[in-house]
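Asker: Compact mmCIF, C-alpha atoms, file model01.txt:
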```txt
# COMPACT_ATOMS: atom_id res chain seq x y z
CA MET A 185 56.09 37.87 -0.42
CA LYS A 186 52.60 39.33 -0.02
CA TYR A 187 51.37 37.25 -2.95
CA LYS A 188 52.85 34.12 -1.43
CA ILE A 189 50.88 34.66 1.75
CA ILE A 190 47.68 35.33 -0.18
CA THR A 191 48.25 32.18 -2.24
CA LEU A 192 48.82 30.18 0.94
CA VAL A 193 45.66 31.55 2.55
CA LEU A 194 43.66 30.76 -0.59
CA LEU A 195 45.11 27.27 -0.78
CA ALA A 196 44.28 26.63 2.87
CA GLY A 197 40.75 27.89 2.24
CA VAL A 198 40.29 25.56 -0.70
CA LEU A 199 41.65 22.63 1.31
CA ILE A 200 39.32 23.33 4.22
CA ALA A 201 36.36 23.65 1.85
CA CYS A 202 37.27 20.36 0.20
CA GLY A 203 37.60 18.54 3.51
CA LYS A 204 34.31 16.74 3.95
CA LYS A 205 32.04 17.80 6.76
CA LYS A 206 31.17 14.96 9.10
CA LEU A 207 27.71 14.75 10.56
CA PRO A 208 27.52 14.69 14.34
CA ILE A 209 26.18 11.71 16.28
CA LEU A 210 23.23 12.92 18.32
CA GLY A 211 22.09 11.73 21.70
CA GLU A 212 23.69 10.70 24.93
CA ARG A 213 27.12 9.17 25.06
CA GLU A 214 29.00 7.19 27.65
CA LEU A 215 32.71 6.87 28.17
CA ASP A 216 33.97 3.35 28.55
CA PHE A 217 37.37 2.99 30.25
CA LYS A 218 39.20 -0.20 29.38
CA MET A 219 42.67 -1.57 30.01
CA VAL A 220 44.34 -2.70 26.82
CA ASN A 221 47.90 -4.05 27.12
CA GLY A 222 48.33 -2.36 30.48
CA LYS A 223 47.21 1.02 29.09
CA GLU A 224 43.97 2.72 29.84
CA VAL A 225 41.89 3.25 26.67
CA VAL A 226 38.76 5.40 26.50
CA ASP A 227 35.97 4.35 24.21
CA THR A 228 32.99 6.59 23.47
CA ILE A 229 29.75 4.68 23.31
CA TYR A 230 27.00 6.48 21.44
CA GLN A 231 23.33 5.87 22.02
CA THR A 232 21.71 3.72 19.35
CA VAL A 233 18.14 3.20 18.19
CA PRO A 234 16.89 0.30 20.35
CA ASP A 235 15.58 -3.00 18.94
CA PHE A 236 12.01 -2.80 17.69
CA SER A 237 9.42 -4.99 16.03
CA LEU A 238 6.56 -3.40 14.09
CA THR A 239 4.29 -4.36 11.19
CA ASN A 240 4.39 -2.66 7.78
CA GLN A 241 1.63 -2.01 5.22
CA ASP A 242 2.05 -5.52 3.79
CA GLY A 243 1.63 -7.13 7.22
CA LYS A 244 5.36 -7.92 7.28
CA ILE A 245 7.39 -7.66 10.50
CA ILE A 246 9.95 -4.87 10.28
CA ASP A 247 12.71 -4.79 12.89
CA GLN A 248 16.36 -3.88 13.37
CA ASN A 249 17.35 -6.64 10.94
CA THR A 250 15.43 -4.86 8.14
CA THR A 251 17.45 -1.70 8.68
CA ARG A 252 20.82 -3.45 9.15
CA ASP A 253 23.56 -1.78 7.07
CA LYS A 254 21.07 0.72 5.68
CA ILE A 255 20.74 4.46 6.02
CA TYR A 256 17.17 5.37 6.80
CA VAL A 257 14.84 8.26 7.46
CA ALA A 258 12.26 7.85 10.24
CA ASP A 259 9.22 9.97 11.04
CA PHE A 260 6.04 9.88 13.13
CA PHE A 261 2.62 10.74 11.71
CA PHE A 262 -1.01 9.59 11.53
CA VAL A 263 -3.25 9.15 8.51
CA THR A 264 -6.07 11.47 9.60
CA CYS A 265 -3.74 14.30 10.68
CA PRO A 266 -4.89 17.59 9.13
CA THR A 267 -2.03 19.77 10.39
CA ILE A 268 1.68 19.15 9.84
CA CYS A 269 1.63 15.57 8.47
CA PRO A 270 0.58 16.44 4.92
CA ARG A 271 3.47 18.93 4.67
CA MET A 272 5.88 16.38 6.16
CA LYS A 273 4.71 13.69 3.76
CA LYS A 274 5.06 16.01 0.78
CA ASN A 275 8.65 16.83 1.73
CA LEU A 276 9.44 13.21 2.57
CA LEU A 277 8.08 12.20 -0.83
CA THR A 278 10.67 14.52 -2.39
CA VAL A 279 13.43 12.71 -0.47
CA TYR A 280 11.93 9.34 -1.45
CA GLU A 281 11.79 10.31 -5.13
CA THR A 282 15.48 11.33 -4.90
CA TYR A 283 16.51 7.87 -3.64
CA LYS A 284 13.82 5.71 -5.22
CA GLY A 285 15.28 2.31 -6.08
CA ASN A 286 18.43 2.85 -3.99
CA SER A 287 18.62 -0.39 -1.97
CA ASN A 288 20.88 1.22 0.66
CA ILE A 289 18.23 3.68 1.74
CA LEU A 290 14.97 3.02 3.56
CA PHE A 291 12.08 5.10 4.89
CA LEU A 292 10.21 4.22 8.11
CA SER A 293 7.02 6.16 8.78
CA HIS A 294 5.52 5.25 12.16
CA THR A 295 1.87 5.87 12.93
CA ILE A 296 1.16 7.34 16.36
CA ASP A 297 -2.52 6.35 16.00
CA PRO A 298 -2.26 2.55 15.65
CA GLU A 299 -5.89 2.03 16.72
CA HIS A 300 -7.07 3.73 13.54
CA ASP A 301 -4.07 3.18 11.28
CA SER A 302 -4.27 -0.57 10.74
CA VAL A 303 -2.24 -2.49 8.17
CA SER A 304 -4.97 -2.03 5.54
CA VAL A 305 -5.37 1.71 6.25
CA LEU A 306 -1.60 2.17 5.93
CA LYS A 307 -1.53 0.07 2.75
CA ASP A 308 -4.15 2.32 1.17
CA PHE A 309 -2.33 5.46 2.36
CA ALA A 310 1.04 4.27 0.98
CA GLU A 311 -0.45 3.36 -2.38
CA ARG A 312 -2.20 6.70 -2.69
CA LEU A 313 1.04 8.45 -1.83
CA GLY A 314 2.87 6.40 -4.46
CA ALA A 315 5.29 4.72 -2.06
CA ASP A 316 6.83 1.31 -2.75
CA SER A 317 6.57 -1.11 0.17
CA LYS A 318 10.05 -2.53 -0.30
CA GLN A 319 11.69 0.81 0.40
CA TRP A 320 9.14 2.85 2.34
CA HIS A 321 7.61 1.08 5.33
CA PHE A 322 4.50 2.45 7.03
CA LEU A 323 4.61 0.95 10.50
CA THR A 324 1.95 0.13 13.02
CA GLY A 325 2.04 -1.90 16.22
CA ASN A 326 1.71 -1.59 19.96
CA ARG A 327 0.96 2.03 20.85
CA ASP A 328 3.24 2.15 23.91
CA SER A 329 6.16 0.61 22.02
CA ILE A 330 5.79 3.20 19.26
CA TYR A 331 5.67 6.09 21.75
CA GLU A 332 8.64 4.68 23.64
CA LEU A 333 10.58 4.28 20.39
CA ALA A 334 9.68 7.84 19.35
CA THR A 335 10.76 9.41 22.61
CA HIS A 336 13.82 7.37 23.54
CA GLY A 337 14.96 6.04 20.18
CA TYR A 338 14.46 9.02 17.90
CA TYR A 339 14.05 12.02 20.28
CA ALA A 340 10.64 12.73 18.77
CA THR A 341 7.50 13.83 20.60
CA ALA A 342 4.32 11.78 20.26
CA LEU A 343 1.48 12.28 22.69
CA PRO A 344 -2.30 12.12 22.56
CA ASP A 345 -3.75 15.62 23.08
CA SER A 346 -7.46 16.26 22.73
CA THR A 347 -6.89 20.00 22.27
CA GLU A 348 -4.90 19.44 19.08
CA PRO A 349 -6.69 19.11 15.71
CA GLY A 350 -6.72 15.39 15.03
CA GLY A 351 -6.14 14.51 18.68
CA TYR A 352 -2.35 14.13 18.86
CA VAL A 353 0.64 16.35 19.33
CA HIS A 354 3.84 15.22 17.66
CA SER A 355 7.06 16.62 16.28
CA GLY A 356 7.43 17.14 12.56
CA GLY A 357 10.96 15.83 12.53
CA LEU A 358 12.53 13.73 9.80
CA ILE A 359 15.20 11.71 11.56
CA LEU A 360 18.31 10.49 9.78
CA ILE A 361 19.81 7.21 11.01
CA ASP A 362 23.14 5.76 9.90
CA LYS A 363 24.18 2.14 9.33
CA ASN A 364 25.22 1.83 12.96
CA ARG A 365 21.81 2.84 14.32
CA HIS A 366 23.03 6.28 15.36
CA VAL A 367 20.83 9.35 14.97
CA ARG A 368 22.83 11.70 12.73
CA GLY A 369 20.36 14.52 12.14
CA ILE A 370 16.83 15.77 12.82
CA TYR A 371 15.21 18.02 10.22
CA ASP A 372 11.96 19.97 10.25
CA GLY A 373 9.78 17.97 7.88
CA THR A 374 7.44 20.91 7.32
CA SER A 375 10.28 23.02 5.86
CA GLU A 376 11.39 22.63 2.25
CA LYS A 377 14.73 24.22 3.11
CA GLU A 378 15.48 21.68 5.85
CA THR A 379 14.41 18.87 3.55
CA LYS A 380 17.09 20.00 1.09
CA THR A 381 19.61 19.94 3.96
CA LEU A 382 18.49 16.39 4.78
CA ILE A 383 19.19 15.28 1.19
CA ALA A 384 22.61 16.99 1.28
CA ASP A 385 23.40 15.28 4.61
CA MET A 386 22.31 11.90 3.24
CA GLU A 387 24.88 12.38 0.47
CA LEU A 388 27.55 13.07 3.10
CA LEU A 389 26.50 10.04 5.09
CA MET A 390 26.60 7.75 2.06
CA ASN A 391 30.15 8.83 1.32
CA GLU A 392 31.25 8.49 4.93
CA LYS A 393 33.98 5.94 5.60
CA GLU A 394 33.45 3.60 8.52
CA MET B 107 -27.96 72.78 -22.30
CA LYS B 108 -24.86 71.06 -23.62
CA LYS B 109 -22.93 72.14 -20.57
CA ASN B 110 -25.58 70.68 -18.31
CA SER B 111 -25.61 67.32 -20.00
CA ILE B 112 -21.83 67.13 -19.81
CA LEU B 113 -22.04 67.90 -16.13
CA LEU B 114 -24.74 65.27 -15.72
CA PHE B 115 -22.63 62.79 -17.59
CA ILE B 116 -19.61 63.50 -15.37
CA ILE B 117 -21.73 63.07 -12.24
CA PHE B 118 -23.16 59.85 -13.63
CA VAL B 119 -19.69 58.47 -14.44
CA PHE B 120 -18.50 59.47 -10.98
CA ILE B 121 -21.37 57.70 -9.22
CA PHE B 122 -21.07 54.66 -11.45
CA ASN B 123 -17.34 54.40 -10.78
CA SER B 124 -17.73 54.72 -7.07
CA CYS B 125 -20.31 51.92 -7.16
CA ILE B 126 -17.97 49.65 -9.07
CA GLU B 127 -15.12 50.50 -6.78
CA ASN B 128 -17.25 49.77 -3.78
CA GLN B 129 -18.30 46.41 -5.13
CA PHE B 130 -14.75 45.59 -6.12
CA SER B 131 -13.29 46.51 -2.75
CA ASN B 132 -15.91 44.39 -1.01
CA ALA B 133 -15.02 41.43 -3.20
CA SER B 134 -11.33 41.90 -2.54
CA VAL B 135 -11.95 42.05 1.20
CA ASN B 136 -13.76 38.75 0.91
CA LEU B 137 -11.05 37.21 -1.24
CA ALA B 138 -8.30 38.52 1.04
CA SER B 139 -9.82 37.08 4.20
CA GLY B 140 -10.87 33.94 2.32
CA TYR B 141 -7.27 33.56 1.25
CA GLN B 142 -6.00 33.94 4.83
CA LEU B 143 -8.52 31.45 6.18
CA TYR B 144 -7.76 29.04 3.35
CA GLU B 145 -4.01 29.27 4.05
CA ARG B 146 -4.56 28.60 7.73
CA ASN B 147 -7.12 25.81 7.51
CA CYS B 148 -6.91 24.11 4.11
CA SER B 149 -3.57 24.61 2.38
CA ASN B 150 -1.67 21.99 4.42
CA CYS B 151 -3.53 19.24 2.58
CA HIS B 152 -5.02 20.85 -0.53
CA GLN B 153 -1.89 22.99 -1.12
CA LYS B 154 -1.61 26.75 -1.45
CA ASP B 155 -2.52 26.67 -5.13
CA GLY B 156 -5.40 24.24 -4.57
CA SER B 157 -3.74 21.55 -6.67
CA GLY B 158 -4.18 18.81 -4.04
CA PHE B 159 -1.53 16.24 -3.15
CA ALA B 160 -1.01 12.71 -4.49
CA ARG B 161 -4.21 10.63 -4.41
CA LEU B 162 -4.65 11.59 -0.78
CA TYR B 163 -6.07 15.13 -0.94
CA PRO B 164 -8.16 16.02 -4.01
CA PRO B 165 -7.55 19.19 -6.02
CA LEU B 166 -9.85 22.17 -5.44
CA LEU B 167 -8.41 23.92 -8.49
CA ASN B 168 -10.45 23.41 -11.67
CA SER B 169 -12.31 20.58 -9.96
CA ASP B 170 -15.21 18.95 -11.81
CA TYR B 171 -16.59 17.86 -8.45
CA ILE B 172 -16.86 21.49 -7.31
CA LEU B 173 -18.21 22.67 -10.68
CA ASN B 174 -20.95 20.03 -10.44
CA ASN B 175 -21.62 20.52 -6.70
CA PRO B 176 -20.77 24.16 -5.90
CA ASN B 177 -23.02 24.18 -2.85
CA MET B 178 -21.19 21.20 -1.33
CA VAL B 179 -18.05 23.28 -0.61
CA ASP B 180 -19.69 25.09 2.28
CA SER B 181 -21.19 21.88 3.65
CA ILE B 182 -17.97 19.81 3.40
CA ILE B 183 -16.00 22.46 5.30
CA LYS B 184 -18.62 22.49 8.06
CA HIS B 185 -19.40 18.78 8.31
CA GLY B 186 -16.32 17.09 6.87
CA GLN B 187 -16.31 14.43 4.20
CA LYS B 188 -16.23 10.66 4.53
CA GLY B 189 -16.23 7.92 1.96
CA SER B 190 -15.15 7.73 -1.62
CA ILE B 191 -15.50 10.65 -4.05
CA LYS B 192 -14.33 11.08 -7.63
CA VAL B 193 -12.53 14.27 -8.65
CA ASN B 194 -11.30 14.85 -12.20
CA GLY B 195 -11.44 11.12 -12.93
CA LEU B 196 -9.55 10.00 -9.80
CA GLU B 197 -10.99 8.39 -6.70
CA TYR B 198 -10.21 9.77 -3.22
CA ASN B 199 -11.33 8.27 0.09
CA LEU B 200 -9.33 9.83 2.93
CA ALA B 201 -11.73 11.36 5.46
CA MET B 202 -11.67 15.12 5.91
CA PRO B 203 -12.42 16.37 9.43
CA ALA B 204 -15.30 18.80 10.08
CA TYR B 205 -14.13 22.37 10.66
CA SER B 206 -16.84 22.97 13.22
CA LYS B 207 -14.87 25.65 15.04
CA LEU B 208 -15.17 28.02 12.07
CA SER B 209 -18.07 30.49 12.07
CA GLN B 210 -20.59 30.44 9.22
CA HIS B 211 -19.05 33.71 8.01
CA GLU B 212 -15.57 32.18 7.93
CA VAL B 213 -16.86 29.09 6.10
CA ASN B 214 -18.48 31.39 3.53
CA GLN B 215 -15.24 33.31 3.04
CA ILE B 216 -13.31 30.09 2.36
CA ALA B 217 -16.02 28.73 0.04
CA TYR B 218 -16.06 32.09 -1.80
CA TYR B 219 -12.29 31.91 -2.24
CA VAL B 220 -12.36 28.28 -3.44
CA LEU B 221 -15.23 28.90 -5.89
CA ILE B 222 -13.94 32.16 -7.36
CA LYS B 223 -10.18 31.85 -7.18
CA PHE B 224 -9.85 28.15 -8.00
CA ASN B 225 -12.92 27.50 -10.16
CA LYS B 226 -13.82 30.89 -11.64
CA LEU B 227 -17.42 30.50 -10.48
CA ASP B 228 -17.94 34.27 -10.35
CA SER B 229 -21.56 33.99 -11.30
CA LEU B 230 -22.40 32.05 -8.15
CA LEU B 231 -23.09 34.33 -5.26
CA ILE B 232 -22.57 33.01 -1.76
CA LYS B 233 -25.30 33.84 0.64
```
Spit out the file's structure as structure tokens when you get a sec.

Answerer:
Amino acid sequence: MKYKIITLVLLAGVLIACGKKKLPILGERELDFKMVNGKEVVDTIYQTVPDFSLTNQDGKIIDQNTTRDKIYVADFFFVTCPTICPRMKKNLLTVYETYKGNSNILFLSHTIDPEHDSVSVLKDFAERLGADSKQWHFLTGNRDSIYELATHGYYATALPDSTEPGGYVHSGGLILIDKNRHVRGIYDGTSEKETKTLIADMELLMNEKE
Amino acid sequence: MKKNSILLFIIFVFIFNSCIENQFSNASVNLASGYQLYERNCSNCHQKDGSGFARLYPPLLNSDYILNNPNMVDSIIKHGQKGSIKVNGLEYNLAMPAYSKLSQHEVNQIAYYVLIKFNKLDSLLIK
């Protein structure tokens, strides 16, 4: 009898462990009440990354159509940043190397210093980093649009601050976006441990059923 | 007579040792604070082991540029570096900001660490 219980507990444990963890959808949500066939139905509407239009290192326009049906990792940085960006870029490069050539996965690195980080500066930076422009886009554009996108689209901080080395304060987050433009995770890009978690979560997301 | 010379020898060894120890402990104080300052100010880009990163941040470890221009280390930390430079056969051109908030003593400590720890330039004494 005792053994049976132990076996059951073990079996349950194994089953729970096998059951795949689902990543949460971050951000605000709204409840939408609808009447369907005379019955009230509640729909949860999750916040999505808004439409955007920015230019990559090849001078190509990158927008929501580029990321359609793709999983992507977004981050905010600037080329002359001497503080957290180099660590973020090193960790992001690890993620990129893991998924290099995988056409379902993109990387979008947004500059928060578009006055300095022009298309040609970003092109040089990307090449020196060893990033391929088809999969890893370094984006520049209108400063206000980028800051707005950072704050309201990706929950990232990006502000000019003369007291900071380099002149800007920004979060070191690597932001994971799913195929439906939902933010599914934010990871500390300066931490190797969190970068490993990001890769593990990307695996979960790729295997997720719609 | 013999006894005296032995005694003299022991005293001599003792003094000599204490001198070496003194010199050594001074050097390790310099290296220890140089290490801390390096970690805080330089390692984000040039990495903890001085190996550099991609073709963005040049290596400071076994760098031919440093071996050929040892006095530039101090100056680059203070004034920054702009334009293209060649390190170990590769070209780098990302600007490095000036670390003007560091004191001359702190700059020396970092340069000492970079020269001795990463390039084995023990013979070069930093002012």

Asker: If you take all atoms listed in the file and a cut-off of 10 Å, which residues of chain B touch chain A, and what are their nearest atom pairs and distances in Å to one decimal, in chain and number order, as a Markdown table?

Answerer:
```
| residue | atom | partner | partner_atom | distance |
| --- | --- | --- | --- | --- |
| B:Arg146 | CA | A:Thr267 | CA | 9.6 |
| B:Asn147 | CA | A:Thr267 | CA | 8.4 |
| B:Cys148 | CA | A:Pro266 | CA | 8.5 |
| B:Ser149 | CA | A:Arg271 | CA | 9.3 |
| B:Asn150 | CA | A:Arg271 | CA | 6.0 |
| B:Cys151 | CA | A:Pro270 | CA | 5.5 |
| B:His152 | CA | A:Pro270 | CA | 9.0 |
| B:Gln153 | CA | A:Arg271 | CA | 8.9 |
| B:Phe159 | CA | A:Lys274 | CA | 7.7 |
| B:Ala160 | CA | A:Leu313 | CA | 5.4 |
| B:Arg161 | CA | A:Arg312 | CA | 4.7 |
| B:Leu162 | CA | A:Arg312 | CA | 5.8 |
| B:Tyr163 | CA | A:Pro270 | CA | 9.0 |
| B:Glu197 | CA | A:Arg312 | CA | 9.8 |
| B:Tyr198 | CA | A:Arg312 | CA | 8.6 |
| B:Asn199 | CA | A:Asp308 | CA | 9.4 |
| B:Leu200 | CA | A:Thr264 | CA | 7.6 |
| B:Ala201 | CA | A:Thr264 | CA | 7.0 |
| B:Met202 | CA | A:Thr264 | CA | 7.6 |
| B:Pro203 | CA | A:Pro266 | CA | 7.6 |
| B:Tyr205 | CA | A:Pro349 | CA | 9.6 |
```

Asker: If I take CA of Glu212 in chain B and CA of Thr347 in chain A, how far is one from the other in Å, to one decimal?

Answerer: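 So the two atoms, CA of Glu212 in chain B and CA of Thr347 in chain A, lie 20.7 Å apart.
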
Asker: Between CA of Leu166 in chain B and CA of Val220 in chain B, measure the distance and give it in Å to one decimal.

Answerer: 6.9 Å

Asker: Between B:Asn136, B:Asn110, B:Leu143, B:Leu167, single out the one closest to Phe224 in chain B, counting all atoms listed in the file.

Answerer: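 Using all atoms listed in the file, Phe224 in chain B sits closest to B:Leu167.
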
Asker: So what do you get for CA of Gly337 in chain A versus CA of Ser355 in chain A, distance-wise?

Answerer: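 About the pair CA of Gly337 in chain A and CA of Ser355 in chain A: they are 13.8 Å apart.
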
Asker: Using all atoms listed in the file and a cutoff of 12 Å, can you tell me which residues are near (12.4, 6.6, 11.4) in the file's coordinates, and write them out as a count of residues only?

Answerer: 50

Asker: Find the residues near Glu214 in chain A: any atom within 8 Å, counting only C-alpha atoms, skip ones fewer than 4 places away on the same chain, and give them as a PyMOL selection string.

Answerer: chain A and resi 228-230

Asker: When distances are computed from all atoms listed in the file, which of B:Ser139, B:Leu221, B:Ser157, B:Ser209 shows the smallest separation from Met178 in chain B?

Answerer: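 Residue with the minimum atom-to-atom distance to Met178 in chain B: B:Leu221.
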